[in-house]
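A short worksheet on the structure shown next.
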Amino acid sequence: MKKLILAAVLSATAFTATAADTIRFGTSATYPPFESMDANNQIVGFDIDLANAVCKQMQETCTFTNQPFDGLIPALKFRRFDVIISGMDITEERSKQVTFTQPYYANTAMIIGPKGKFSSMADLKGKRVGLENGTTHQKYLMEKHPEITTVGYDSYQNAILDLKSGRLDGLLGDTAVLNGWLKSNPNLGEVGELIKDPQYFGTGVGMAVRPENKELLAKLNAALEGIKANGEFKKINDKWFPIN
């Protein structure tokens with residue numbers, strides 16, 4: 001009996017140690033080039049490569065859970081995973097619920113629409129502009145431009161399809177993402193100037209952890225500094241955001 005008990009204790013200890021070496025990331029794989037699903041149904045993108053590089057720097061293992069963006073913070077609170085990495089803007093409102101790492105990407109936003117149809121935000125009064133539910137883009141448009149009809153989607157892929165088919169007049173998203181879509185969709189163009197409102201987009205993009213998880217936060221920040229210093233961050237950035 002003692003041998004059986006000892007074996008059970010050792011087994012439980014081994015499982016705990018293994019679990020402690022795995023960092024579980026939550027993401028919403030609907031937003032290339034930050035994260036999306038490839039032809040093999042694998043999550044890929046800038047954030048995924050970054051998370052893997054950070055885990056390697058910490059000598060940890062990464063796993064990834066894919067779910068809708070607006071459910072990421074609730075799922076983090078319920079401990080479905082340990083870290084959110086999903087192109088998430090660092091905002092004052094979100095910081096009341098989670099704690100962010102240092103910013104790893106400087107962010108701006110833009111609106112795209114049918115090329116030549118709209119030249120400014122004012123032209124979109126009464127028009128339908130799409131975005132993903134739960135994003136700072138949605139909050140920005142609803143609070144700053146209530147004269148524009150906000151149309152929420154579960155993913156940006158569905159929104160871009162509606163824009164291309166004429167069911168939307170515009171689409172609001174991160175500049176880096178929408179610039180990529182403009183390259184592959186010559187019938188679309190930028191509407192107005194880049195949006196740099198610091199209340200919504202000025203702080204940058206960060207990873208989020210539960211506020212009590214201070215040890216993990218410190219390790220993530222140290223790992224980010226490490227991959228910036230050794231050049232790995234630049235390699236990942238240049239891969240997903242190449243300079244034209």
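Identifiers in this document derive from the order of the structure tokens: chains are assigned A, B, ..., residues are numbered from 1 separately in each chain, and ligands are numbered from 1 in order of occurrence.
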**Request:** Do a neighbour search on stretch 55-62 of chain A at 9 Å with only C-alpha atoms, toss out local chain neighbours closer than 5 positions, and write the hits as a list in words.
**Result:**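 My reading of the contact set: Ala20, Asp21, Thr22, Ile23, Arg24, Phe25, Leu50, Lys219, Leu220, Ala222, Ala223, Leu224, Gly226 and Ile227 of chain A.
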Write the selection just made, keeping all heavy atoms, as an mmCIF file, in the first residue's frame?
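Dumped everything to part.cif:
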```cif
data_model
loop_
_atom_site.group_PDB
_atom_site.id
_atom_site.type_symbol
_atom_site.label_atom_id
_atom_site.label_comp_id
_atom_site.auth_asym_id
_atom_site.auth_seq_id
_atom_site.Cartn_x
_atom_site.Cartn_y
_atom_site.Cartn_z
ATOM 1 N N ALA A 20 3.538 23.152 -14.869
ATOM 2 C CA ALA A 20 4.165 24.429 -14.554
ATOM 3 C C ALA A 20 5.087 24.888 -15.669
ATOM 4 O O ALA A 20 5.368 26.067 -15.804
ATOM 5 C CB ALA A 20 4.939 24.313 -13.244
ATOM 6 N N ASP A 21 5.594 23.952 -16.485
ATOM 7 C CA ASP A 21 6.504 24.292 -17.569
ATOM 8 C C ASP A 21 5.769 24.664 -18.852
ATOM 9 O O ASP A 21 6.381 24.956 -19.858
ATOM 10 C CB ASP A 21 7.444 23.116 -17.863
ATOM 11 C CG ASP A 21 8.418 22.868 -16.721
ATOM 12 O OD1 ASP A 21 8.673 23.807 -15.951
ATOM 13 O OD2 ASP A 21 8.895 21.739 -16.608
ATOM 14 N N THR A 22 4.449 24.635 -18.831
ATOM 15 C CA THR A 22 3.646 24.956 -20.005
ATOM 16 C C THR A 22 2.898 26.257 -19.779
ATOM 17 O O THR A 22 2.196 26.416 -18.784
ATOM 18 C CB THR A 22 2.636 23.824 -20.302
ATOM 19 O OG1 THR A 22 3.350 22.619 -20.554
ATOM 20 C CG2 THR A 22 1.786 24.165 -21.514
ATOM 21 N N ILE A 23 3.059 27.203 -20.699
ATOM 22 C CA ILE A 23 2.323 28.463 -20.644
ATOM 23 C C ILE A 23 1.216 28.402 -21.683
ATOM 24 O O ILE A 23 1.466 28.214 -22.870
ATOM 25 C CB ILE A 23 3.248 29.667 -20.891
ATOM 26 C CG1 ILE A 23 4.342 29.706 -19.817
ATOM 27 C CG2 ILE A 23 2.446 30.964 -20.889
ATOM 28 C CD1 ILE A 23 5.338 30.816 -20.012
ATOM 29 N N ARG A 24 -0.013 28.553 -21.233
ATOM 30 C CA ARG A 24 -1.177 28.432 -22.103
ATOM 31 C C ARG A 24 -1.592 29.820 -22.596
ATOM 32 O O ARG A 24 -1.922 30.693 -21.802
ATOM 33 C CB ARG A 24 -2.323 27.767 -21.345
ATOM 34 C CG ARG A 24 -1.986 26.377 -20.788
ATOM 35 C CD ARG A 24 -3.074 25.906 -19.818
ATOM 36 N NE ARG A 24 -3.216 26.843 -18.703
ATOM 37 C CZ ARG A 24 -4.304 26.908 -17.934
ATOM 38 N NH1 ARG A 24 -5.329 26.102 -18.151
ATOM 39 N NH2 ARG A 24 -4.357 27.776 -16.934
ATOM 40 N N PHE A 25 -1.558 29.988 -23.898
ATOM 41 C CA PHE A 25 -1.923 31.268 -24.510
ATOM 42 C C PHE A 25 -3.322 31.182 -25.114
ATOM 43 O O PHE A 25 -3.665 30.201 -25.773
ATOM 44 C CB PHE A 25 -0.931 31.636 -25.614
ATOM 45 C CG PHE A 25 0.404 32.114 -25.106
ATOM 46 C CD1 PHE A 25 1.384 31.199 -24.741
ATOM 47 C CD2 PHE A 25 0.687 33.464 -24.989
ATOM 48 C CE1 PHE A 25 2.619 31.630 -24.282
ATOM 49 C CE2 PHE A 25 1.916 33.908 -24.533
ATOM 50 C CZ PHE A 25 2.889 32.982 -24.179
ATOM 51 N N LEU A 50 5.852 35.166 -31.985
ATOM 52 C CA LEU A 50 6.359 35.930 -30.843
ATOM 53 C C LEU A 50 6.201 35.138 -29.551
ATOM 54 O O LEU A 50 7.139 35.050 -28.746
ATOM 55 C CB LEU A 50 5.613 37.262 -30.742
ATOM 56 C CG LEU A 50 6.049 38.187 -29.605
ATOM 57 C CD1 LEU A 50 7.468 38.706 -29.850
ATOM 58 C CD2 LEU A 50 5.078 39.353 -29.456
ATOM 59 N N LYS A 219 8.366 37.479 -15.932
ATOM 60 C CA LYS A 219 9.071 36.583 -16.843
ATOM 61 C C LYS A 219 8.796 36.938 -18.306
ATOM 62 O O LYS A 219 9.698 36.911 -19.143
ATOM 63 C CB LYS A 219 8.670 35.132 -16.564
ATOM 64 C CG LYS A 219 9.182 34.595 -15.238
ATOM 65 C CD LYS A 219 8.610 33.223 -14.914
ATOM 66 C CE LYS A 219 9.125 32.155 -15.852
ATOM 67 N NZ LYS A 219 8.653 30.797 -15.469
ATOM 68 N N LEU A 220 7.551 37.284 -18.620
ATOM 69 C CA LEU A 220 7.197 37.660 -19.988
ATOM 70 C C LEU A 220 7.914 38.934 -20.401
ATOM 71 O O LEU A 220 8.454 39.042 -21.515
ATOM 72 C CB LEU A 220 5.681 37.844 -20.106
ATOM 73 C CG LEU A 220 4.824 36.575 -20.040
ATOM 74 C CD1 LEU A 220 3.349 36.937 -19.887
ATOM 75 C CD2 LEU A 220 5.032 35.709 -21.278
ATOM 76 N N ALA A 222 10.709 40.135 -19.159
ATOM 77 C CA ALA A 222 12.139 39.851 -19.287
ATOM 78 C C ALA A 222 12.423 39.118 -20.596
ATOM 79 O O ALA A 222 13.425 39.394 -21.278
ATOM 80 C CB ALA A 222 12.615 39.022 -18.101
ATOM 81 N N ALA A 223 11.531 38.197 -20.968
ATOM 82 C CA ALA A 223 11.720 37.456 -22.219
ATOM 83 C C ALA A 223 11.572 38.367 -23.433
ATOM 84 O O ALA A 223 12.312 38.229 -24.417
ATOM 85 C CB ALA A 223 10.720 36.308 -22.294
ATOM 86 N N LEU A 224 10.632 39.295 -23.384
ATOM 87 C CA LEU A 224 10.479 40.261 -24.477
ATOM 88 C C LEU A 224 11.752 41.094 -24.644
ATOM 89 O O LEU A 224 12.225 41.325 -25.764
ATOM 90 C CB LEU A 224 9.283 41.178 -24.206
ATOM 91 C CG LEU A 224 7.901 40.615 -24.531
ATOM 92 C CD1 LEU A 224 6.815 41.542 -23.980
ATOM 93 C CD2 LEU A 224 7.723 40.445 -26.038
ATOM 94 N N GLY A 226 14.677 40.132 -23.792
ATOM 95 C CA GLY A 226 15.711 39.222 -24.270
ATOM 96 C C GLY A 226 15.666 39.018 -25.775
ATOM 97 O O GLY A 226 16.700 39.046 -26.453
ATOM 98 N N ILE A 227 14.457 38.805 -26.342
ATOM 99 C CA ILE A 227 14.378 38.551 -27.786
ATOM 100 C C ILE A 227 14.564 39.836 -28.598
ATOM 101 O O ILE A 227 14.928 39.780 -29.777
ATOM 102 C CB ILE A 227 13.062 37.838 -28.172
ATOM 103 C CG1 ILE A 227 11.845 38.718 -27.890
ATOM 104 C CG2 ILE A 227 12.958 36.501 -27.468
ATOM 105 C CD1 ILE A 227 10.550 38.136 -28.438
#
```
**Request:** Compile the contact shell of A:Gln102 as number ranges by chain: residues with an atom at most 8 Å away, counting only C-alpha atoms, same-chain residues fewer than 5 positions apart removed.
**Result:** A: 206-207, 221
**Prompt:** Which residue gives the smallest distance to A:Leu76 among A:Leu131, A:Ala208, A:Leu163, A:Ala106, with only C-alpha atoms counted?
**Reply:**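 Ranking A:Leu131, A:Ala208, A:Leu163, A:Ala106 by distance to A:Leu76, first place goes to A:Ala208.
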**Prompt:** Using only C-alpha atoms, which residues sit within 12 Å of A:Arg80 once same-chain residues fewer than 6 positions away are excluded, as a ChimeraX atom specification?
**Reply:** /A:23-27,63-67,71-74,209-210
**Prompt:** Please, which residues of stretch 12-192 of chain A, numbered as in this document, come out alpha helix (DSSP H) from DSSP, as a VMD selection string?
**Reply:** chain A and resid 12 to 20 46 to 58 72 to 77 136 to 144 156 to 165 175 to 184
**Request:** List every residue of stretch 89-155 of chain A that DSSP, applied to the backbone, labels as strand (DSSP E or B), and write the result as a list in words.
**Result:**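 These are the residues in question: Asp89, Thr99, Phe100, Tyr105, Ala109, Met110, Ile111, Ile112, Gly113, Pro114, Arg128, Val129, Gly130, Leu131, Glu132, Thr149, Thr150, Val151, Gly152 and Tyr153 of chain A.
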**Item:** Nearest candidate to A:Thr30 (options A:Ile148, A:Leu124, A:Ile160, A:Leu141; using only C-alpha atoms)
**Value:**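 Nearest to A:Thr30: A:Ile160.
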**Request:** Name all residues at most 10 Å from A:Asn237 (count only C-alpha atoms; drop same-chain ones fewer than 2 positions away) and give them as a PyMOL selection string.
**Result:** chain A and resi 46-47+49-50+105+232-235+239-243
Please write the residues from the selection above to a file, keeping N, CA and C atoms, as a JSON list (two decimals), in the first residue's frame.
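For reference, selection_33.json as written:
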```json
[["chain", "number", "residue", "atom", "x", "y", "z"],
["A", 46, "PHE", "N", 2.16, 36.55, -36.53],
["A", 46, "PHE", "CA", 3.16, 37.32, -35.79],
["A", 46, "PHE", "C", 3.09, 37.01, -34.30],
["A", 47, "ASP", "N", 1.87, 37.07, -33.72],
["A", 47, "ASP", "CA", 1.73, 36.82, -32.29],
["A", 47, "ASP", "C", 2.14, 35.40, -31.91],
["A", 49, "ASP", "N", 4.37, 33.39, -33.50],
["A", 49, "ASP", "CA", 5.83, 33.31, -33.53],
["A", 49, "ASP", "C", 6.44, 34.03, -32.34],
["A", 50, "LEU", "N", 5.85, 35.17, -31.98],
["A", 50, "LEU", "CA", 6.36, 35.93, -30.84],
["A", 50, "LEU", "C", 6.20, 35.14, -29.55],
["A", 105, "TYR", "N", 4.08, 46.09, -29.79],
["A", 105, "TYR", "CA", 3.77, 46.57, -31.14],
["A", 105, "TYR", "C", 3.09, 47.93, -31.03],
["A", 232, "GLU", "N", 15.93, 38.31, -32.27],
["A", 232, "GLU", "CA", 14.84, 37.41, -32.66],
["A", 232, "GLU", "C", 13.55, 38.18, -32.93],
["A", 233, "PHE", "N", 13.30, 39.21, -32.12],
["A", 233, "PHE", "CA", 12.09, 40.00, -32.32],
["A", 233, "PHE", "C", 12.08, 40.66, -33.71],
["A", 234, "LYS", "N", 13.21, 41.20, -34.12],
["A", 234, "LYS", "CA", 13.30, 41.86, -35.43],
["A", 234, "LYS", "C", 13.05, 40.86, -36.56],
["A", 235, "LYS", "N", 13.57, 39.64, -36.42],
["A", 235, "LYS", "CA", 13.34, 38.61, -37.43],
["A", 235, "LYS", "C", 11.85, 38.31, -37.59],
["A", 239, "LYS", "N", 9.45, 39.30, -40.81],
["A", 239, "LYS", "CA", 8.75, 38.21, -41.50],
["A", 239, "LYS", "C", 7.29, 38.55, -41.75],
["A", 240, "TRP", "N", 6.62, 39.10, -40.75],
["A", 240, "TRP", "CA", 5.18, 39.34, -40.85],
["A", 240, "TRP", "C", 4.81, 40.75, -41.27],
["A", 241, "PHE", "N", 5.73, 41.69, -41.07],
["A", 241, "PHE", "CA", 5.49, 43.07, -41.48],
["A", 241, "PHE", "C", 6.67, 43.57, -42.32],
["A", 242, "PRO", "N", 6.87, 42.97, -43.49],
["A", 242, "PRO", "CA", 8.02, 43.35, -44.33],
["A", 242, "PRO", "C", 7.92, 44.79, -44.80],
["A", 243, "ILE", "N", 9.05, 45.42, -44.90],
["A", 243, "ILE", "CA", 9.11, 46.80, -45.40],
["A", 243, "ILE", "C", 9.10, 46.75, -46.92]]
```
**Request:** Tell me, as a PyMOL selection string, which residues lie within 10 Å of A:Met121, counting only C-alpha atoms; anything in the same chain fewer than 4 positions away does not count.
**Result:** chain A and resi 111+125+145+148+191-193
**Message:** Just checking: using only C-alpha atoms, which residue out of A:Asp154, A:Glu212, A:Asp238, A:Asp89 ends up closest to A:Ser28?
**Reply:** A:Asp154
**Complete:** atom CA of A:Met88 to atom CA of A:Val205 measures 5.3 Å
**Request:** Considering only C-alpha atoms, state which residue in the set A:Lys144, A:Lys96, A:Lys214, A:Lys164 is at the smallest distance from A:Gln199.
**Result:** A:Lys144
**For atom CA of A:Tyr104 and atom CA of A:Glu225, the interatomic separation in Å (one decimal)** =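 For atom CA of A:Tyr104 relative to atom CA of A:Glu225, the distance reads 9.7 Å.
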Dump as CSV the rows for residues of stretch 85-127 of chain A within 6 Å of stretch 184-188 of chain A: closest atom pair and distance in Å with one decimal, only C-alpha atoms counted, ordered by chain and rising residue number.
```
residue,atom,partner,partner_atom,distance
A:Gly113,CA,A:Leu188,CA,5.4
A:Pro114,CA,A:Leu188,CA,4.6
A:Lys115,CA,A:Leu188,CA,4.5
```
Selection file, N, CA and C atoms, as an mmCIF file, in the first residue's frame:
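The resulting file, out-v2.cif, is reproduced below:
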```cif
data_model
loop_
_atom_site.group_PDB
_atom_site.id
_atom_site.type_symbol
_atom_site.label_atom_id
_atom_site.label_comp_id
_atom_site.auth_asym_id
_atom_site.auth_seq_id
_atom_site.Cartn_x
_atom_site.Cartn_y
_atom_site.Cartn_z
ATOM 1 N N GLY A 113 -12.418 51.317 -47.540
ATOM 2 C CA GLY A 113 -13.707 51.217 -48.194
ATOM 3 C C GLY A 113 -13.516 51.135 -49.697
ATOM 4 N N PRO A 114 -14.602 51.136 -50.468
ATOM 5 C CA PRO A 114 -14.479 51.102 -51.934
ATOM 6 C C PRO A 114 -13.606 52.249 -52.429
ATOM 7 N N LYS A 115 -12.648 51.947 -53.246
ATOM 8 C CA LYS A 115 -11.656 52.929 -53.685
ATOM 9 C C LYS A 115 -12.314 54.136 -54.343
#
```
